[in-house]
$ cat run_17.csv   # CSV, C-alpha atoms
chain,number,residue,atom,x,y,z
A,1,MET,CA,15.4,-15.1,-4.5
A,2,SER,CA,12.5,-14.6,-6.9
A,3,THR,CA,12.7,-18.2,-8.2
A,4,THR,CA,12.8,-19.6,-4.6
A,5,ARG,CA,9.8,-17.6,-3.6
A,6,ARG,CA,7.9,-18.5,-6.8
A,7,THR,CA,8.6,-22.2,-6.3
A,8,LEU,CA,7.6,-21.9,-2.6
A,9,ALA,CA,4.4,-20.1,-3.5
A,10,LEU,CA,3.5,-22.6,-6.2
A,11,SER,CA,4.1,-25.5,-3.9
A,12,ILE,CA,1.9,-24.0,-1.2
A,13,LEU,CA,-0.9,-23.3,-3.8
A,14,ILE,CA,-0.7,-26.9,-5.2
A,15,ALA,CA,-0.8,-28.3,-1.7
A,16,ALA,CA,-3.9,-26.2,-0.9
A,17,LEU,CA,-5.6,-27.2,-4.1
A,18,LEU,CA,-4.9,-30.9,-3.4
A,19,ALA,CA,-6.2,-30.5,0.2
A,20,GLY,CA,-9.4,-28.9,-1.1
A,21,LEU,CA,-10.3,-31.6,-3.7
A,22,ALA,CA,-12.7,-33.3,-1.3
A,23,ALA,CA,-14.5,-30.0,-0.6
A,24,VAL,CA,-14.6,-29.2,-4.3
A,25,SER,CA,-16.0,-32.6,-5.2
A,26,ALA,CA,-18.7,-32.3,-2.5
A,27,GLN,CA,-20.1,-29.2,-4.2
A,28,SER,CA,-22.9,-29.4,-6.7
A,29,GLN,CA,-21.5,-30.1,-10.2
A,30,ASP,CA,-24.5,-28.2,-11.6
A,31,GLY,CA,-23.2,-24.8,-10.6
A,32,PRO,CA,-19.9,-22.9,-10.5
A,33,VAL,CA,-17.2,-24.4,-8.4
A,34,THR,CA,-15.2,-22.0,-6.1
A,35,PHE,CA,-12.1,-22.9,-4.3
A,36,ASP,CA,-11.2,-20.8,-1.2
A,37,VAL,CA,-7.6,-20.4,0.0
A,38,GLY,CA,-6.9,-18.7,3.3
A,39,ASP,CA,-3.7,-17.0,4.4
A,40,PRO,CA,-2.6,-14.9,7.4
A,41,GLN,CA,-0.1,-12.7,5.4
A,42,GLY,CA,-2.1,-11.2,2.6
A,43,ILE,CA,-1.2,-9.9,-0.9
A,44,ASP,CA,0.8,-6.7,-0.7
A,45,SER,CA,0.5,-5.9,-4.4
A,46,MET,CA,-0.9,-7.4,-7.6
A,47,SER,CA,2.0,-6.0,-9.5
A,48,PRO,CA,5.0,-8.4,-10.0
A,49,LEU,CA,7.1,-5.3,-10.1
A,50,ILE,CA,6.2,-4.4,-6.5
A,51,GLY,CA,4.9,-7.3,-4.4
A,52,VAL,CA,7.1,-9.5,-2.3
A,53,THR,CA,4.7,-11.6,-0.1
A,54,VAL,CA,4.2,-15.3,-0.7
A,55,PRO,CA,0.4,-14.9,-1.3
A,56,ALA,CA,1.3,-12.3,-4.0
A,57,TYR,CA,3.4,-15.0,-5.7
A,58,GLU,CA,0.4,-17.4,-5.4
A,59,ALA,CA,-1.7,-14.7,-7.2
A,60,TRP,CA,0.8,-14.3,-10.0
A,61,ASN,CA,1.1,-18.0,-10.5
A,62,LEU,CA,-2.7,-18.0,-11.2
A,63,MET,CA,-2.6,-14.9,-13.5
A,64,TYR,CA,0.6,-15.1,-15.5
A,65,ALA,CA,2.1,-17.9,-17.5
A,66,THR,CA,5.8,-18.2,-18.1
A,67,LEU,CA,7.9,-19.1,-21.1
A,68,THR,CA,8.9,-22.5,-19.5
A,69,ASP,CA,8.1,-24.0,-16.2
A,70,LYS,CA,9.6,-26.6,-13.8
A,71,ALA,CA,8.4,-30.1,-13.2
A,72,ALA,CA,7.1,-30.7,-9.7
A,73,LYS,CA,8.9,-34.1,-9.5
A,74,ASP,CA,12.5,-33.0,-10.2
A,75,PHE,CA,12.3,-29.3,-11.3
A,76,SER,CA,13.4,-30.2,-14.8
A,77,THR,CA,12.4,-27.7,-17.5
A,78,ILE,CA,8.9,-28.3,-19.0
A,79,PRO,CA,6.9,-26.5,-21.6
A,80,GLY,CA,4.9,-23.3,-20.8
A,81,LEU,CA,4.1,-20.7,-23.3
A,82,ALA,CA,7.0,-22.3,-25.3
A,83,GLU,CA,6.4,-25.8,-26.5
A,84,SER,CA,10.0,-26.5,-27.5
A,85,TRP,CA,13.5,-25.0,-27.3
A,86,GLU,CA,17.0,-25.6,-28.5
A,87,GLY,CA,20.4,-24.4,-27.2
A,88,SER,CA,23.6,-23.4,-29.1
A,89,ASP,CA,26.7,-25.5,-28.7
A,90,ASP,CA,28.2,-23.0,-26.3
A,91,GLY,CA,25.0,-22.8,-24.2
A,92,LEU,CA,24.8,-19.0,-24.5
A,93,THR,CA,21.9,-18.8,-26.9
A,94,TRP,CA,18.5,-20.5,-26.6
A,95,THR,CA,15.8,-20.5,-29.2
A,96,TYR,CA,12.2,-21.1,-28.0
A,97,LYS,CA,9.2,-21.9,-30.2
A,98,LEU,CA,5.9,-20.7,-28.8
A,99,ARG,CA,2.6,-22.5,-29.0
A,100,ASP,CA,0.2,-21.6,-31.8
A,101,GLY,CA,-2.7,-19.3,-31.1
A,102,LEU,CA,-1.7,-17.9,-27.7
A,103,LYS,CA,-4.0,-15.2,-26.4
A,104,TRP,CA,-4.2,-12.9,-23.4
A,105,SER,CA,-7.3,-13.1,-21.4
A,106,ASP,CA,-8.7,-10.0,-23.1
A,107,GLY,CA,-8.4,-11.8,-26.5
A,108,LYS,CA,-5.4,-10.0,-27.9
A,109,PRO,CA,-2.6,-12.2,-29.3
A,110,LEU,CA,0.2,-13.2,-27.1
A,111,THR,CA,3.4,-13.2,-29.2
A,112,SER,CA,7.1,-13.2,-28.9
A,113,GLU,CA,7.1,-9.4,-28.6
A,114,ASP,CA,5.4,-9.7,-25.2
A,115,ILE,CA,8.1,-12.0,-24.0
A,116,VAL,CA,11.0,-10.0,-25.5
A,117,TRP,CA,9.6,-6.8,-24.0
A,118,THR,CA,9.2,-8.4,-20.6
A,119,ILE,CA,12.8,-9.7,-20.5
A,120,ASN,CA,14.5,-6.7,-21.9
A,121,THR,CA,12.5,-4.1,-19.9
A,122,ALA,CA,12.9,-6.1,-16.7
A,123,ARG,CA,16.7,-6.2,-17.2
A,124,LYS,CA,16.9,-2.5,-18.0
A,125,GLU,CA,14.6,-1.4,-15.1
A,126,GLU,CA,15.8,-4.1,-12.6
A,127,TRP,CA,12.4,-5.4,-11.7
A,128,ILE,CA,12.7,-6.9,-8.2
A,129,ASN,CA,11.1,-10.3,-9.1
A,130,HIS,CA,12.8,-10.6,-12.5
A,131,SER,CA,16.3,-9.2,-12.4
A,132,ALA,CA,17.9,-12.1,-10.7
A,133,VAL,CA,16.9,-14.3,-13.7
A,134,VAL,CA,17.2,-11.8,-16.6
A,135,GLY,CA,20.2,-9.7,-15.4
A,136,ASN,CA,22.5,-11.2,-18.0
A,137,LEU,CA,20.0,-11.9,-20.8
A,138,THR,CA,19.0,-10.2,-24.0
A,139,ALA,CA,15.9,-11.3,-25.9
A,140,SER,CA,14.9,-10.9,-29.5
A,141,ALA,CA,11.9,-11.9,-31.7
A,142,PRO,CA,12.7,-13.0,-35.2
A,143,ASP,CA,9.0,-13.8,-35.8
A,144,PRO,CA,5.8,-13.8,-33.7
A,145,THR,CA,6.3,-17.4,-32.5
A,146,THR,CA,10.0,-17.4,-31.9
A,147,VAL,CA,12.0,-16.0,-29.0
A,148,VAL,CA,15.8,-16.0,-29.0
A,149,ILE,CA,17.6,-15.4,-25.6
A,150,GLU,CA,21.3,-14.7,-25.4
A,151,SER,CA,23.2,-14.8,-22.2
A,152,SER,CA,26.4,-12.9,-21.6
A,153,ILE,CA,27.7,-15.6,-19.3
A,154,PRO,CA,27.2,-19.4,-19.0
A,155,ASP,CA,23.8,-19.7,-17.2
A,156,PRO,CA,23.0,-23.0,-15.5
A,157,LYS,CA,19.4,-22.0,-15.1
A,158,LEU,CA,18.7,-21.9,-18.8
A,159,PRO,CA,16.7,-23.1,-20.6
A,160,THR,CA,14.3,-22.6,-17.7
A,161,MET,CA,12.7,-19.2,-18.1
A,162,ASP,CA,10.0,-19.0,-15.4
A,163,VAL,CA,9.6,-15.2,-14.9
A,164,TYR,CA,6.1,-13.8,-15.2
A,165,ILE,CA,5.4,-12.6,-18.8
A,166,LEU,CA,3.4,-9.3,-18.8
A,167,PRO,CA,1.2,-8.0,-21.6
A,168,LYS,CA,3.1,-5.4,-23.5
A,169,HIS,CA,-0.1,-3.7,-24.7
A,170,ILE,CA,-1.0,-3.0,-21.0
A,171,TRP,CA,2.4,-2.3,-19.4
A,172,GLY,CA,4.4,-1.1,-22.4
A,173,PRO,CA,2.8,2.4,-23.0
A,174,MET,CA,3.7,3.4,-19.4
A,175,SER,CA,6.9,5.2,-18.4
A,176,ASP,CA,9.2,3.3,-15.9
A,177,ALA,CA,8.0,5.6,-13.1
A,178,GLU,CA,4.3,4.8,-14.0
A,179,ARG,CA,5.1,1.0,-14.1
A,180,ASP,CA,6.7,1.3,-10.6
A,181,LYS,CA,3.4,2.6,-9.2
A,182,TYR,CA,0.9,0.6,-11.3
A,183,PRO,CA,-1.3,-1.6,-9.1
A,184,GLY,CA,-1.5,-4.4,-11.7
A,185,GLU,CA,-5.2,-4.9,-11.1
A,186,ASP,CA,-6.3,-4.8,-14.8
A,187,GLY,CA,-7.2,-8.5,-14.9
A,188,VAL,CA,-5.3,-9.1,-18.2
A,189,GLY,CA,-3.2,-12.3,-17.9
A,190,SER,CA,-2.3,-15.6,-19.6
A,191,GLY,CA,-2.5,-18.0,-16.6
A,192,PRO,CA,-5.3,-20.3,-15.7
A,193,PHE,CA,-7.2,-17.6,-13.9
A,194,VAL,CA,-7.7,-13.9,-14.2
A,195,LEU,CA,-8.3,-11.3,-11.5
A,196,GLU,CA,-12.0,-10.4,-11.0
A,197,GLU,CA,-11.8,-8.3,-7.8
A,198,PHE,CA,-9.2,-7.4,-5.3
A,199,LYS,CA,-9.6,-5.7,-1.9
A,200,LYS,CA,-6.3,-5.4,-0.2
A,201,GLY,CA,-6.2,-6.8,3.3
A,202,GLN,CA,-9.5,-8.7,2.6
A,203,PHE,CA,-9.6,-11.0,-0.5
A,204,ALA,CA,-8.7,-11.5,-4.1
A,205,ARG,CA,-11.2,-13.3,-6.4
A,206,TYR,CA,-10.3,-14.9,-9.8
A,207,ARG,CA,-12.3,-16.5,-12.6
A,208,ALA,CA,-11.2,-19.1,-15.0
A,209,ASN,CA,-9.4,-17.7,-18.1
A,210,PRO,CA,-11.2,-18.9,-21.2
A,211,ASN,CA,-8.1,-18.2,-23.3
A,212,TYR,CA,-5.7,-20.2,-21.2
A,213,TRP,CA,-3.4,-22.4,-23.4
A,214,GLY,CA,-3.7,-25.3,-21.0
A,215,GLY,CA,-7.5,-25.6,-21.2
A,216,LYS,CA,-10.3,-24.8,-18.8
A,217,PRO,CA,-9.3,-25.2,-15.1
A,218,ALA,CA,-11.1,-27.8,-12.9
A,219,VAL,CA,-12.7,-25.0,-10.8
A,220,ASP,CA,-14.5,-21.9,-12.0
A,221,ARG,CA,-13.3,-19.5,-9.4
A,222,VAL,CA,-10.5,-19.1,-6.8
A,223,VAL,CA,-10.7,-16.8,-3.8
A,224,GLN,CA,-7.7,-15.9,-1.6
A,225,ARG,CA,-8.9,-14.7,1.8
A,226,LYS,CA,-6.8,-12.7,4.3
A,227,PHE,CA,-7.1,-13.8,7.9
A,228,ASN,CA,-5.7,-11.7,10.7
A,229,ASN,CA,-5.8,-14.6,13.1
A,230,PRO,CA,-4.3,-18.0,12.0
A,231,ASP,CA,-6.7,-19.8,14.4
A,232,ALA,CA,-9.7,-18.2,12.8
A,233,MET,CA,-8.3,-19.3,9.4
A,234,VAL,CA,-8.0,-22.9,10.5
A,235,ALA,CA,-11.5,-22.9,12.0

$ encode --input "run_17.csv" --output "structure tokens"
Amino acid sequence: MSTTRRTLALSILIAALLAGLAAVSAQSQDGPVTFDVGDPQGIDSMSPLIGVTVPAYEAWNLMYATLTDKAAKDFSTIPGLAESWEGSDDGLTWTYKLRDGLKWSDGKPLTSEDIVWTINTARKEEWINHSAVVGNLTASAPDPTTVVIESSIPDPKLPTMDVYILPKHIWGPMSDAERDKYPGEDGVGSGPFVLEEFKKGQFARYRANPNYWGGKPAVDRVVQRKFNNPDAMVA
């Protein structure tokens, strides 16, 4: 269910970005470029452990990178935080090699420990948006740029690992009860944008992440705006 929602959210966001290219290009190139996205549903939580609405998935797609991703054309596995991977002969073990120099938006190193902590903690605590993917997986980190994932059963989804990776230095020190209530509004991420301000039921504003592994995004800011009336949103 989480993968379906994430794919739907990503498709909606891509469609919105493509539809807004003309508006973006019409803005002055001398100043910051902001892209506005309207929705009638709203973000229920910025925490991937709590939220379930489609706009929340759109927010996480902006803020959090994944170990691998899926190609828009055929959903084949493509690089994300990992630039390469290799599977064992029985398909139960996959070894991923991370990109060099990965950083969180606050400048701290993003290493295999963040990914291992996310996968193992999500499995143990049954995070709602992760457990369907990681329920049979165990991760380890032989070194800072290598992640080894072992599955207890043959898993046709692997090597795709597109769950949101969270910063261990932010989420790790909390107890499981504290994580369940944490709003996730710290603004520390690894995606193309980082959260700047969030007012539930009104808007969420993001700025470009200077440490994003994929380079500077084409726009400087993204704003998700909540509309109570779909007709007003269209207008």

$ residues_near_point --input "run_17.csv" --point "(-0.6, -11.8, -2.7)" --cutoff "7 Å" --atoms "all atoms listed in the file" --output "MDAnalysis selection string"
chainID A and resid 42:46 53:59

$ closest_residue --input "run_17.csv" --among "A:Thr138, A:Asn211, A:Gln41, A:Ile170" --to "Lys226 of chain A" --atoms "only C-alpha atoms"
A:Gln41

$ residues_around --input "run_17.csv" --residues "Gly215 of chain A" --least-positions-apart "4" --cutoff "12 Å" --atoms "all atoms listed in the file" --output "PDB file with C-alpha atoms, in the coordinates of the input"
ATOM      1  CA  LEU A 102      -1.700 -17.900 -27.700  1.00  0.00           C
ATOM      2  CA  SER A 190      -2.300 -15.600 -19.600  1.00  0.00           C
ATOM      3  CA  GLY A 191      -2.500 -18.000 -16.600  1.00  0.00           C
ATOM      4  CA  PRO A 192      -5.300 -20.300 -15.700  1.00  0.00           C
ATOM      5  CA  PHE A 193      -7.200 -17.600 -13.900  1.00  0.00           C
ATOM      6  CA  ALA A 208     -11.200 -19.100 -15.000  1.00  0.00           C
ATOM      7  CA  ASN A 209      -9.400 -17.700 -18.100  1.00  0.00           C
ATOM      8  CA  PRO A 210     -11.200 -18.900 -21.200  1.00  0.00           C
ATOM      9  CA  ASN A 211      -8.100 -18.200 -23.300  1.00  0.00           C
ATOM     10  CA  VAL A 219     -12.700 -25.000 -10.800  1.00  0.00           C
TER      11      VAL A 219
END

$ residues_near_point --input "run_17.csv" --point "(7.2, -5.8, -24.8)" --cutoff "9 Å" --atoms "all atoms listed in the file" --output "PyMOL selection string"
chain A and resi 112-121+166-169+171-172

$ closest_residue --input "run_17.csv" --among "A:Ala71, A:Pro48, A:Leu110, A:Ser76" --to "Ala122 of chain A" --atoms "all atoms listed in the file"
A:Pro48

$ residues_around --input "run_17.csv" --residues "Trp85 of chain A" --least-positions-apart "6" --cutoff "9 Å" --atoms "only C-alpha atoms" --output "MDAnalysis selection string"
chainID A and resid 79 94:98 159

$ decode --input "run_17.csv" --residues "segment 178-196 of chain A" --atoms "N, CA, C and O atoms" --output "PDB file, in the first residue's frame"
ATOM      1  N   GLU A 178       8.158   8.411  21.466  1.00  0.00           N
ATOM      2  CA  GLU A 178       8.429   9.789  21.041  1.00  0.00           C
ATOM      3  C   GLU A 178       8.394   9.895  19.525  1.00  0.00           C
ATOM      4  O   GLU A 178       7.886  10.884  18.979  1.00  0.00           O
ATOM      5  N   ARG A 179       8.939   8.886  18.824  1.00  0.00           N
ATOM      6  CA  ARG A 179       8.905   8.903  17.356  1.00  0.00           C
ATOM      7  C   ARG A 179       7.474   8.888  16.842  1.00  0.00           C
ATOM      8  O   ARG A 179       7.156   9.525  15.835  1.00  0.00           O
ATOM      9  N   ASP A 180       6.605   8.135  17.515  1.00  0.00           N
ATOM     10  CA  ASP A 180       5.214   8.040  17.080  1.00  0.00           C
ATOM     11  C   ASP A 180       4.482   9.373  17.160  1.00  0.00           C
ATOM     12  O   ASP A 180       3.470   9.572  16.477  1.00  0.00           O
ATOM     13  N   LYS A 181       4.981  10.272  18.006  1.00  0.00           N
ATOM     14  CA  LYS A 181       4.321  11.567  18.179  1.00  0.00           C
ATOM     15  C   LYS A 181       5.109  12.723  17.561  1.00  0.00           C
ATOM     16  O   LYS A 181       4.622  13.861  17.549  1.00  0.00           O
ATOM     17  N   TYR A 182       6.289  12.425  17.041  1.00  0.00           N
ATOM     18  CA  TYR A 182       7.148  13.484  16.508  1.00  0.00           C
ATOM     19  C   TYR A 182       6.535  14.059  15.231  1.00  0.00           C
ATOM     20  O   TYR A 182       6.164  13.308  14.319  1.00  0.00           O
ATOM     21  N   PRO A 183       6.395  15.389  15.095  1.00  0.00           N
ATOM     22  CA  PRO A 183       5.732  15.989  13.933  1.00  0.00           C
ATOM     23  C   PRO A 183       6.550  15.964  12.648  1.00  0.00           C
ATOM     24  O   PRO A 183       6.011  16.182  11.567  1.00  0.00           O
ATOM     25  N   GLY A 184       7.866  15.725  12.755  1.00  0.00           N
ATOM     26  CA  GLY A 184       8.691  15.637  11.553  1.00  0.00           C
ATOM     27  C   GLY A 184       8.885  16.950  10.827  1.00  0.00           C
ATOM     28  O   GLY A 184       9.033  16.975   9.602  1.00  0.00           O
ATOM     29  N   GLU A 185       8.905  18.043  11.570  1.00  0.00           N
ATOM     30  CA  GLU A 185       9.005  19.370  10.960  1.00  0.00           C
ATOM     31  C   GLU A 185      10.376  20.002  11.178  1.00  0.00           C
ATOM     32  O   GLU A 185      10.529  21.222  11.126  1.00  0.00           O
ATOM     33  N   ASP A 186      11.399  19.177  11.390  1.00  0.00           N
ATOM     34  CA  ASP A 186      12.742  19.675  11.662  1.00  0.00           C
ATOM     35  C   ASP A 186      13.442  20.230  10.426  1.00  0.00           C
ATOM     36  O   ASP A 186      14.402  20.974  10.529  1.00  0.00           O
ATOM     37  N   GLY A 187      12.973  19.846   9.227  1.00  0.00           N
ATOM     38  CA  GLY A 187      13.563  20.371   8.002  1.00  0.00           C
ATOM     39  C   GLY A 187      14.860  19.712   7.596  1.00  0.00           C
ATOM     40  O   GLY A 187      15.557  20.219   6.713  1.00  0.00           O
ATOM     41  N   VAL A 188      15.220  18.579   8.209  1.00  0.00           N
ATOM     42  CA  VAL A 188      16.446  17.871   7.845  1.00  0.00           C
ATOM     43  C   VAL A 188      16.085  16.714   6.923  1.00  0.00           C
ATOM     44  O   VAL A 188      15.366  15.793   7.317  1.00  0.00           O
ATOM     45  N   GLY A 189      16.562  16.768   5.688  1.00  0.00           N
ATOM     46  CA  GLY A 189      16.251  15.730   4.723  1.00  0.00           C
ATOM     47  C   GLY A 189      17.377  15.541   3.731  1.00  0.00           C
ATOM     48  O   GLY A 189      18.437  16.154   3.841  1.00  0.00           O
ATOM     49  N   SER A 190      17.129  14.693   2.739  1.00  0.00           N
ATOM     50  CA  SER A 190      18.140  14.404   1.722  1.00  0.00           C
ATOM     51  C   SER A 190      17.568  14.501   0.313  1.00  0.00           C
ATOM     52  O   SER A 190      18.238  14.167  -0.653  1.00  0.00           O
ATOM     53  N   GLY A 191      16.326  14.954   0.198  1.00  0.00           N
ATOM     54  CA  GLY A 191      15.687  15.099  -1.107  1.00  0.00           C
ATOM     55  C   GLY A 191      16.041  16.420  -1.757  1.00  0.00           C
ATOM     56  O   GLY A 191      16.855  17.196  -1.234  1.00  0.00           O
ATOM     57  N   PRO A 192      15.424  16.735  -2.889  1.00  0.00           N
ATOM     58  CA  PRO A 192      15.751  17.973  -3.601  1.00  0.00           C
ATOM     59  C   PRO A 192      15.331  19.243  -2.872  1.00  0.00           C
ATOM     60  O   PRO A 192      15.864  20.312  -3.129  1.00  0.00           O
ATOM     61  N   PHE A 193      14.370  19.117  -1.947  1.00  0.00           N
ATOM     62  CA  PHE A 193      13.912  20.284  -1.191  1.00  0.00           C
ATOM     63  C   PHE A 193      13.841  19.948   0.290  1.00  0.00           C
ATOM     64  O   PHE A 193      13.709  18.788   0.676  1.00  0.00           O
ATOM     65  N   VAL A 194      13.931  20.990   1.126  1.00  0.00           N
ATOM     66  CA  VAL A 194      13.807  20.821   2.572  1.00  0.00           C
ATOM     67  C   VAL A 194      12.713  21.744   3.079  1.00  0.00           C
ATOM     68  O   VAL A 194      12.470  22.828   2.531  1.00  0.00           O
ATOM     69  N   LEU A 195      12.044  21.305   4.136  1.00  0.00           N
ATOM     70  CA  LEU A 195      10.933  22.065   4.684  1.00  0.00           C
ATOM     71  C   LEU A 195      11.409  23.373   5.298  1.00  0.00           C
ATOM     72  O   LEU A 195      12.354  23.394   6.090  1.00  0.00           O
ATOM     73  N   GLU A 196      10.730  24.442   4.922  1.00  0.00           N
ATOM     74  CA  GLU A 196      11.046  25.767   5.461  1.00  0.00           C
ATOM     75  C   GLU A 196       9.986  26.203   6.467  1.00  0.00           C
ATOM     76  O   GLU A 196      10.304  26.743   7.529  1.00  0.00           O
TER      77      GLU A 196
END
